[in-house]
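One structure below.
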Amino acid sequence: MADKGSTRLSLVSKPSSGRSQQGLIIAIGGGEDKVGSRAILKALVERAGCGPIALFPTASTVPEQAARTYTEVFEDLGAEVRTVWITCRDDAADAAKVELLQGAKVAFFTGGAQGRIVSLNGGTPMAQTIRRAFRSGMAVAGTSAGASVLCQHMIAQGRGGYAPRRSMVTMAPGLGLTRRLVVDQHFAQRHRIGRLFAAVALNPFVIGVGIDEDTAVILDGHGELVVIGRGTVTVVDGASLAHTNIHDTGASEPATMAGLTVHVLTAG
């Protein structure tokens with residue numbers, strides 16, 4: 001734990017030279033460029049190296065379209081793509097589908113509804129295999145809903161606004177790749193700072209990370225976070241939170257938060 005008033009997460013301009021067997025977490029705020037420089041998706045492909053990307057369009061209401069879009073982009077950038085179709089919980093227990101993760105360098109979750117990802121995968125052999133592969137070095141990435149689901153503490157739903165209110169956020173278990181963060185996406189575009197404040201007030205142990213569109217964070221096994229993309233990343237740290245009354249207010253009433261630490265970061 002850092003000293004009071006400091007940030008518990010290392011914020012650096014480049015990855016550490018040290019090595020960790022654990023894979024990278026790559027969380028994208030949604031709306032990433034797919035037709036221009038494609039900087040974020042290109043960085044993801046670079047981290048895959050010569051290995052395949054396991055593509056999960058599970059969250060999307062139009063999974064075939066989502067799979068087609070990302071397959072075209074990733075293959076154009078030089079990656080091999082394996083689409084993992086999970087439409088029911090039986091799929092997530094299918095040995096042939098789980099086998100698609102064998103040798104994958106990146107697992108990538110598209111946007112849509114994060115609840116679909118966890119309800120179809122939670123507690124299944126697929127989820128267990130993803131976590132084992134991640135601990136052995138596979139990167140796990142997601143955009144929009146696919147970014148929120150990477151953490152153990154997941155924002156399942158909520159609404160925008162500035163003042164934190166309990167009714168702004170509903171939390172649920174995610175895939176559990178990190179206990180340290182809670183991620184929100186489309187952050188500035190959908191005015192979600194209030195619900196991230198609320199999420200951190202309800203659980204000051206976690207560090208809130210709000211990611212703008214066409215922006216991403218890369219978290220390595222050393223707890224170092226790197227920002228890439230065009231927008232900003234808002235880091236909300238409750239380590240020095242001195243007081244909050246969020247448990248005593250009505251669900252729709254604004255809550256007090258005193259001593260919160262907030263950072264706004266850009267690429268590099």
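Identifiers for the structure tokens are assigned positionally: chains receive A, B, ... in sequence, residues are indexed from 1 per chain, and ligands are indexed from 1 in the order shown.
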
- Message: So that I can check the secondary structure, give me every residue of segment 94-232 of chain A assigned strand (DSSP E or B) by backbone DSSP, as JSON, numbers by chain.
- Response: {"A": [106, 107, 108, 109, 139, 140, 141, 142, 143, 153, 154, 155, 156, 157, 158, 169, 170, 171, 172, 173, 181, 182, 183, 184, 185, 207, 208, 209, 210, 211, 215, 216, 217, 218, 219, 224, 225, 226, 227, 228, 229]}

### Task
Within 6 Å of Val227 of chain A, counting only C-alpha atoms, which residues show up once you throw out same-chain ones fewer than 5 positions away? Write them as a ChimeraX atom specification, please.
/A:216-217,267-268

Filtering to N, CA and C atoms, could you give me those residues as a PDB file, in the first residue's frame?
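So again.pdb came out as:
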```
ATOM      1  N   ALA A 216      -6.949   3.533 -24.909  1.00  0.00           N
ATOM      2  CA  ALA A 216      -6.805   2.251 -24.225  1.00  0.00           C
ATOM      3  C   ALA A 216      -5.772   2.351 -23.120  1.00  0.00           C
ATOM      4  N   VAL A 217      -5.862   1.425 -22.174  1.00  0.00           N
ATOM      5  CA  VAL A 217      -4.809   1.252 -21.174  1.00  0.00           C
ATOM      6  C   VAL A 217      -4.255  -0.156 -21.313  1.00  0.00           C
ATOM      7  N   ALA A 267      -1.961   9.788 -23.800  1.00  0.00           N
ATOM      8  CA  ALA A 267      -0.999   8.818 -24.338  1.00  0.00           C
ATOM      9  C   ALA A 267       0.420   9.181 -23.930  1.00  0.00           C
ATOM     10  N   GLY A 268       1.143   8.159 -23.468  1.00  0.00           N
ATOM     11  CA  GLY A 268       2.529   8.365 -23.043  1.00  0.00           C
ATOM     12  C   GLY A 268       2.683   8.881 -21.646  1.00  0.00           C
TER      13      GLY A 268
END
```

Spatial neighbours of segment 143-155 of chain A, max dist 10 Å, only C-alpha atoms, sep filter under 6 positions, as a ChimeraX atom specification:
/A:25-32,56-60,108-118,169-187,195-196,199,203,206,209-217

Only C-alpha atoms, please: the residues just picked out, written as an mmCIF file, in the first residue's frame.
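Just written: again_38.cif:
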```cif
data_model
loop_
_atom_site.group_PDB
_atom_site.id
_atom_site.type_symbol
_atom_site.label_atom_id
_atom_site.label_comp_id
_atom_site.auth_asym_id
_atom_site.auth_seq_id
_atom_site.Cartn_x
_atom_site.Cartn_y
_atom_site.Cartn_z
ATOM 1 C CA ILE A 25 -4.592 -6.596 -19.835
ATOM 2 C CA ILE A 26 -5.582 -4.277 -22.694
ATOM 3 C CA ALA A 27 -8.767 -2.329 -22.008
ATOM 4 C CA ILE A 28 -10.163 -0.138 -24.817
ATOM 5 C CA GLY A 29 -12.769 2.542 -24.188
ATOM 6 C CA GLY A 30 -14.768 1.655 -27.316
ATOM 7 C CA GLY A 31 -15.067 3.507 -30.602
ATOM 8 C CA GLU A 32 -11.495 2.645 -31.589
ATOM 9 C CA PHE A 56 -14.997 -13.455 -28.772
ATOM 10 C CA PRO A 57 -18.002 -11.581 -30.274
ATOM 11 C CA THR A 58 -20.140 -12.872 -27.377
ATOM 12 C CA ALA A 59 -21.254 -9.483 -26.070
ATOM 13 C CA SER A 60 -22.628 -8.222 -29.377
ATOM 14 C CA PHE A 108 -10.176 -10.254 -27.571
ATOM 15 C CA PHE A 109 -13.741 -9.444 -26.449
ATOM 16 C CA THR A 110 -15.861 -7.142 -28.611
ATOM 17 C CA GLY A 111 -18.346 -4.579 -27.348
ATOM 18 C CA GLY A 112 -22.026 -5.109 -26.624
ATOM 19 C CA ALA A 113 -23.442 -6.129 -23.242
ATOM 20 C CA GLN A 114 -20.917 -7.209 -20.620
ATOM 21 C CA GLY A 115 -23.607 -9.227 -18.856
ATOM 22 C CA ARG A 116 -23.740 -11.595 -21.824
ATOM 23 C CA ILE A 117 -20.039 -12.365 -21.503
ATOM 24 C CA VAL A 118 -20.149 -13.233 -17.806
ATOM 25 C CA VAL A 169 -24.003 2.046 -10.712
ATOM 26 C CA THR A 170 -24.689 -1.670 -10.467
ATOM 27 C CA MET A 171 -21.686 -3.875 -9.802
ATOM 28 C CA ALA A 172 -21.257 -7.556 -10.666
ATOM 29 C CA PRO A 173 -18.399 -10.065 -10.878
ATOM 30 C CA GLY A 174 -16.365 -9.970 -14.098
ATOM 31 C CA LEU A 175 -13.809 -12.413 -15.486
ATOM 32 C CA GLY A 176 -11.499 -11.725 -12.556
ATOM 33 C CA LEU A 177 -8.183 -11.023 -14.310
ATOM 34 C CA THR A 178 -7.390 -8.194 -11.886
ATOM 35 C CA ARG A 179 -8.791 -7.291 -8.474
ATOM 36 C CA ARG A 180 -7.094 -3.886 -8.502
ATOM 37 C CA LEU A 181 -9.151 -2.044 -11.118
ATOM 38 C CA VAL A 182 -12.706 -1.302 -12.085
ATOM 39 C CA VAL A 183 -13.005 -0.117 -15.689
ATOM 40 C CA ASP A 184 -15.589 2.155 -17.283
ATOM 41 C CA GLN A 185 -15.673 2.945 -20.997
ATOM 42 C CA HIS A 186 -17.021 5.562 -23.463
ATOM 43 C CA PHE A 187 -16.098 7.661 -20.452
ATOM 44 C CA ARG A 195 -20.829 6.367 -11.699
ATOM 45 C CA LEU A 196 -17.069 5.733 -11.498
ATOM 46 C CA ALA A 199 -18.100 2.588 -7.805
ATOM 47 C CA ASN A 203 -15.339 -0.121 -2.818
ATOM 48 C CA VAL A 206 -10.263 -0.704 -6.292
ATOM 49 C CA VAL A 209 -10.197 3.707 -14.610
ATOM 50 C CA GLY A 210 -12.456 5.651 -16.994
ATOM 51 C CA ILE A 211 -11.361 5.266 -20.615
ATOM 52 C CA ASP A 212 -12.455 7.572 -23.445
ATOM 53 C CA GLU A 213 -13.285 6.300 -26.898
ATOM 54 C CA ASP A 214 -10.353 5.487 -29.210
ATOM 55 C CA THR A 215 -8.184 5.238 -26.098
ATOM 56 C CA ALA A 216 -6.805 2.251 -24.225
ATOM 57 C CA VAL A 217 -4.809 1.252 -21.174
#
```

Could you check which of A:Asp76, A:Asp237, A:Glu46, A:Glu99 is closest to Thr261 of chain A, using only C-alpha atoms?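 Closest residue, counting only C-alpha atoms: A:Asp237.
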
Atom pair atom CA of Leu41 of chain A + atom CA of Val73 of chain A, distance 8.1 Å

Looking only at helix (DSSP H, G or I) from DSSP on the backbone, list the matching residues of segment 15-216 of chain A as an NGL selection string. :A and (39-48 or 63-76 or 91-93 or 95-101 or 114-121 or 125-135 or 145-148 or 166-168 or 193-202)

Residues of the last selection are to be written out with C-alpha atoms, as a PDB file, in the first residue's frame.
```pdb
ATOM      1  CA  ALA A  39      -3.212   2.666 -33.710  1.00  0.00           C
ATOM      2  CA  ILE A  40      -4.832   0.756 -30.851  1.00  0.00           C
ATOM      3  CA  LEU A  41      -5.727  -2.362 -32.827  1.00  0.00           C
ATOM      4  CA  LYS A  42      -2.287  -2.261 -34.457  1.00  0.00           C
ATOM      5  CA  ALA A  43      -0.684  -2.203 -30.999  1.00  0.00           C
ATOM      6  CA  LEU A  44      -2.815  -5.193 -30.020  1.00  0.00           C
ATOM      7  CA  VAL A  45      -1.707  -7.134 -33.105  1.00  0.00           C
ATOM      8  CA  GLU A  46       1.932  -6.250 -32.413  1.00  0.00           C
ATOM      9  CA  ARG A  47       1.586  -7.762 -28.956  1.00  0.00           C
ATOM     10  CA  ALA A  48       0.155 -10.910 -30.504  1.00  0.00           C
ATOM     11  CA  PRO A  63     -22.077 -11.228 -33.311  1.00  0.00           C
ATOM     12  CA  GLU A  64     -21.596 -12.243 -36.943  1.00  0.00           C
ATOM     13  CA  GLN A  65     -21.163  -8.620 -37.968  1.00  0.00           C
ATOM     14  CA  ALA A  66     -18.813  -7.898 -35.054  1.00  0.00           C
ATOM     15  CA  ALA A  67     -16.734 -10.977 -35.856  1.00  0.00           C
ATOM     16  CA  ARG A  68     -16.534 -10.053 -39.533  1.00  0.00           C
ATOM     17  CA  THR A  69     -15.469  -6.469 -38.783  1.00  0.00           C
ATOM     18  CA  TYR A  70     -12.662  -7.376 -36.379  1.00  0.00           C
ATOM     19  CA  THR A  71     -11.507 -10.365 -38.411  1.00  0.00           C
ATOM     20  CA  GLU A  72     -11.066  -8.136 -41.468  1.00  0.00           C
ATOM     21  CA  VAL A  73      -9.133  -5.521 -39.476  1.00  0.00           C
ATOM     22  CA  PHE A  74      -6.895  -7.989 -37.644  1.00  0.00           C
ATOM     23  CA  GLU A  75      -6.138 -10.032 -40.763  1.00  0.00           C
ATOM     24  CA  ASP A  76      -5.374  -6.854 -42.703  1.00  0.00           C
ATOM     25  CA  ASP A  91     -20.606 -23.681 -25.847  1.00  0.00           C
ATOM     26  CA  ALA A  92     -18.322 -22.463 -23.045  1.00  0.00           C
ATOM     27  CA  ALA A  93     -17.929 -26.078 -21.886  1.00  0.00           C
ATOM     28  CA  ALA A  95     -13.768 -28.924 -25.492  1.00  0.00           C
ATOM     29  CA  ALA A  96     -13.395 -28.061 -29.189  1.00  0.00           C
ATOM     30  CA  LYS A  97     -14.152 -24.392 -28.514  1.00  0.00           C
ATOM     31  CA  VAL A  98     -11.895 -24.290 -25.457  1.00  0.00           C
ATOM     32  CA  GLU A  99      -9.139 -25.778 -27.631  1.00  0.00           C
ATOM     33  CA  LEU A 100      -9.238 -22.642 -29.798  1.00  0.00           C
ATOM     34  CA  LEU A 101      -7.371 -20.869 -26.993  1.00  0.00           C
ATOM     35  CA  GLN A 114     -20.917  -7.209 -20.620  1.00  0.00           C
ATOM     36  CA  GLY A 115     -23.607  -9.227 -18.856  1.00  0.00           C
ATOM     37  CA  ARG A 116     -23.740 -11.595 -21.824  1.00  0.00           C
ATOM     38  CA  ILE A 117     -20.039 -12.365 -21.503  1.00  0.00           C
ATOM     39  CA  VAL A 118     -20.149 -13.233 -17.806  1.00  0.00           C
ATOM     40  CA  SER A 119     -23.509 -15.003 -17.825  1.00  0.00           C
ATOM     41  CA  LEU A 120     -22.443 -17.281 -20.690  1.00  0.00           C
ATOM     42  CA  ASN A 121     -18.838 -17.843 -19.549  1.00  0.00           C
ATOM     43  CA  PRO A 125     -14.166 -24.374 -18.552  1.00  0.00           C
ATOM     44  CA  MET A 126     -13.778 -21.491 -21.028  1.00  0.00           C
ATOM     45  CA  ALA A 127     -13.463 -18.886 -18.263  1.00  0.00           C
ATOM     46  CA  GLN A 128     -11.070 -21.123 -16.336  1.00  0.00           C
ATOM     47  CA  THR A 129      -8.935 -21.656 -19.436  1.00  0.00           C
ATOM     48  CA  ILE A 130      -8.822 -17.910 -20.150  1.00  0.00           C
ATOM     49  CA  ARG A 131      -7.562 -17.228 -16.631  1.00  0.00           C
ATOM     50  CA  ARG A 132      -4.957 -20.006 -16.804  1.00  0.00           C
ATOM     51  CA  ALA A 133      -3.733 -18.825 -20.209  1.00  0.00           C
ATOM     52  CA  PHE A 134      -3.573 -15.244 -18.912  1.00  0.00           C
ATOM     53  CA  ARG A 135      -1.458 -16.322 -15.942  1.00  0.00           C
ATOM     54  CA  ALA A 145     -18.265  -3.948 -22.711  1.00  0.00           C
ATOM     55  CA  GLY A 146     -15.333  -6.245 -23.410  1.00  0.00           C
ATOM     56  CA  ALA A 147     -13.098  -3.871 -21.410  1.00  0.00           C
ATOM     57  CA  SER A 148     -15.384  -3.695 -18.374  1.00  0.00           C
ATOM     58  CA  ARG A 166     -25.724   4.810  -5.389  1.00  0.00           C
ATOM     59  CA  SER A 167     -28.387   4.422  -8.076  1.00  0.00           C
ATOM     60  CA  MET A 168     -25.845   5.356 -10.754  1.00  0.00           C
ATOM     61  CA  ILE A 193     -17.567  10.158 -14.083  1.00  0.00           C
ATOM     62  CA  GLY A 194     -20.322  10.094 -11.451  1.00  0.00           C
ATOM     63  CA  ARG A 195     -20.829   6.367 -11.699  1.00  0.00           C
ATOM     64  CA  LEU A 196     -17.069   5.733 -11.498  1.00  0.00           C
ATOM     65  CA  PHE A 197     -16.946   7.962  -8.396  1.00  0.00           C
ATOM     66  CA  ALA A 198     -19.807   5.893  -6.973  1.00  0.00           C
ATOM     67  CA  ALA A 199     -18.100   2.588  -7.805  1.00  0.00           C
ATOM     68  CA  VAL A 200     -14.932   3.673  -5.987  1.00  0.00           C
ATOM     69  CA  ALA A 201     -16.874   5.109  -3.025  1.00  0.00           C
ATOM     70  CA  LEU A 202     -18.651   1.770  -2.624  1.00  0.00           C
TER      71      LEU A 202
END
```
